[in-house]
Amino acid sequence: MTAGDDDHDVDDRDAASQSVAVPVELDSFVGRSELLDRVKDLLSRSDTRLVTLTGFGGVGKTRLLHRLAHDLTSSRSYRDGVVVVSLVELREGGDRMYGAIADALALQDSASQPGLDRLCDYLRDRQLLLMLDNCEHLVGEPGTGPVPALLSTLLRRAPGLQVLATSRERVGVRGERLAPVPPLCVGDGERCDCATAADGVHEALQLLIDRAAELNVTIGQSDYPAAAQLCRRLDGIPLGIELAAATLSGNAMTIRALIKHPDLLSLLNHGTSGQESHRSLEAMVRWSYTLLGEPEQKLWMLVSVFEGAFDLDAVHALAHHVDLDDTRVESLLITLVNKNILKAVERQGRPRYRMLETIRQYGRLVSEPDHAHQLHQAHTSYCEALAAQATREWIGPQQIEWMVRLNEYRPDLITTQLRLLSTPPTAERGQELAINLTRTCAFIFGGRLNENVRMLTAGLDGHRGDPSVNQATALSLAAWIALIQGNHARAIPLLHQAEAATAALELDGAFGPLDTARATRLWLFEQDPEQALESLTLYRRAAAAYAAAGAVADEWMARLLLTMSAASLDCLEVARPESETLLADAEAAQAPWSISWALWCRALVKLLEDKPGQAAELAQKALRIQRDIGDAWGPVVGLLLIALIAARLGEYKTAAQVLGGAQARQQATQASVLEQGPFLRLQRLAKDAGRSALGDEEWTKHVADGQDLSKRQMYAVALASLTAPEVEALPQGISPRELEVAALIARGWTNKAIGPQLKMSPRTVSTHISSLNHKLGTTSRTGIAAWYLTTVDGRTGHDEP
């Protein structure tokens, strides 16, 4: 729902580095010069915080906003950029509205912090223009709805922020400046704010000429008088003019035929709306509808059931519910695209379609009640089946297509769940929909993890009666998400509720979702090393339970978490074979996202085996995949691992910059991955080595440089060849983990103290000490300490861990 969403090109720069995507102008912009100058003048004033473009639907507010976005971005008037957010698909304010704005700011919606607080924190010190398009349905009584409440808070807490909004009425925030958007000039003095061109072409006529030309229809000078008359009949309303231009395509009608159309004037002057301008817009949409044949009208009604963009498969699935010949669907879609009823775009190599909100609303208005009910039921069933099929086929060659598709259908999936939860007989299905979507990891991939939280929570709030398997699953998944977000306080009550539900259902012995959540808590938050190792047992049990149930994707995810935890807890005897089979299975399934994470695990294992060259090759391969598929979450830990590898290879400047890039990516994704215990330890290893070699000041400078790099620049640094010779400081083949143990021994730490510090069990500490004695030829802790102080600390000035 951001600018650049689906049918616009998106700027590849990062929000944090002043870049924000604005819509690419795909057609000509006509007129409005005086209004453009007036709005720019308002925005240039230091006392202007909010400007609202007001006017009725179809008058061109959105197109004007896009032109302003383009002009102000090109002029670099705002240090931190211009952001465009369309609110048209939102049906509610609150957290989803905050999430839509976070999307536009490239802050993926994955943090557990309240959405409004995240926005305020991000915008507090920025000089930025926020453009909110289509606010009217979230204004309420001016000054009381979700948008006014949001803007009152943002403008108060972010002094460098300006806002430009579009709405059919004023927003109602103190200090708001209004800029009414009239219809286009039609050449008479009462309805024109522009100077007519020398050839007599006014704004409305120029728009008609341009849009007709795009459809290969030429309006010559001899036709100007008639065309101008048509524009006046259409009241200069841009939507009406564009629809009129569409009817000229293929010689379907002539300009003179349109003027003489027997129903045109009655349609314009006798609408049901109380305002003349609204009657005009409704007339234009209705007129466009009546010019279509019955099959096209049926298709219009059918596709209006979708909340956002949709694809050909979805139309085929619903076609028979409006008695539409399935074999004609594609040709009818093309007809509606040619007539500007639909807009066609391409994503992931397949066509998708969307329609203007006004046109969608009219399609719903003319649907007969019985047909509308059938369509809603069919739409619900389609969305449920979509999520269920994605869950079954997720780990396979179509993995990325499924993840992208589910993110595209997010508005429809949300609406479907709300519809299911609204009646007790279908509430359980609403909960199951949220579970299936969470199992696909699609919203993790898309940087919208909080959407999983919202849908799971809605399903749980709607649960009535005795505990159920779906309830226990949803509670477990919600707890797991809270844990990977770093929100231990929220996770614990959910875990307790999940445990109570599974106990009541007598599932506590081996229940995959709960075992996964319990294991994740132990892995990421347990301070006792011995207890943390219990996570491995629970992950194994979860994987076995999923395998027994035939849940292949869930089993693979449990094994991924098992491998990651084993490696970070220094259990290489577990991590090594698990990472090998994990990667082999992902490659056999041809699942790109899964392959990237398995490669990451293999890279970490290789690094811990003191093979940084091999680790670099694997980690960079993983990051390339994550970059190419558009993964929102993976690059954070991918960059972190490459930073550690670069430090191990002695490329400390690269290590610092890549670590800074990882931190910047984390800010953009709003994830808290790098703050989790195992990942903090990885960061510390890189920092210790880098600061020892470069000094604190230079290391800090390079980290800051990395934070300032664009996404593209950061990938270039992280994926450059890491060819520096491996550090020869440890000829005995001592691993980084053993070096940490040796450093603490040199400081006089006991085994009992070393364990919690490095998150190891006492047994693992003893294993490392035995390995050190063997490699060094020493026989005691004293010998290890002497070696460290004379060979490592004395030569490199190695920092204490």
# chains A, B, ... in the order shown; residues from 1 in each chain; ligands from 1

$ residues_around --residues "region 140-150 of chain A" --least-positions-apart "6" --cutoff "9 Å" --atoms "only C-alpha atoms" --output "ChimeraX atom specification"
/A:92-94,97-98,116,169-174

$ residues_around --residues "Leu641 (chain A)" --least-positions-apart "2" --cutoff "10 Å" --atoms "only C-alpha atoms" --output "list of chain:residue names"
A:Trp600, A:Cys601, A:Ala603, A:Leu604, A:Leu607, A:Ala615, A:Ala616, A:Ala619, A:Gln620, A:Leu623, A:Pro635, A:Val636, A:Val637, A:Gly638, A:Leu639, A:Ala643, A:Leu644, A:Ile645, A:Ala646, A:Ala647, A:Ala655, A:Val658, A:Leu659, A:Ala662, A:Phe679, A:Leu682, A:Gln683, A:Ala686

$ select_by_dssp --residues "region 368-534 of chain A" --states "alpha helix (DSSP H)" --output "ChimeraX atom specification"
/A:369-393,399-408,410-421,424-439,442-445,449-461,469-484,488-504,512-525,529-532,534

$ closest_residue --among "A:Phe29, A:Arg347, A:Leu151, A:Thr380" --to "Asp210 (chain A)" --atoms "only C-alpha atoms"
A:Phe29

$ residues_around --residues "Arg124 (chain A)" --least-positions-apart "3" --cutoff "9 Å" --atoms "only C-alpha atoms" --output "number ranges by chain"
A: 119-121, 127, 154, 157-161

$ closest_residue --among "A:Asp554, A:Val303, A:Lys711, A:Gly660" --to "Tyr362 (chain A)" --atoms "only C-alpha atoms"
A:Val303

$ select_by_dssp --residues "region 101-150 of chain A" --states "strand (DSSP E)" --output "MDAnalysis selection string"
chainID A and resid 128:133

$ closest_atom_pairs --of "region 355-402 of chain A" --to "region 429-441 of chain A" --cutoff "7 Å" --atoms "only C-alpha atoms" --output "CSV"
residue,atom,partner,partner_atom,distance
A:Glu384,CA,A:Leu433,CA,6.2
A:Ala387,CA,A:Asn436,CA,5.9
A:Ala388,CA,A:Asn436,CA,6.1
A:Ala390,CA,A:Thr440,CA,6.7
A:Thr391,CA,A:Thr440,CA,5.4
A:Trp394,CA,A:Thr440,CA,6.2

$ closest_residue --among "A:Ser761, A:Gln485, A:Gln707, A:Ser381" --to "Glu534 (chain A)" --atoms "only C-alpha atoms"
A:Ser761

$ residues_around --residues "region 586-596 of chain A" --least-positions-apart "4" --cutoff "12 Å" --atoms "only C-alpha atoms" --output "ChimeraX atom specification"
/A:393-404,440-442,444-446,552-557,559-561,579-582,600-603,618-635,637-638
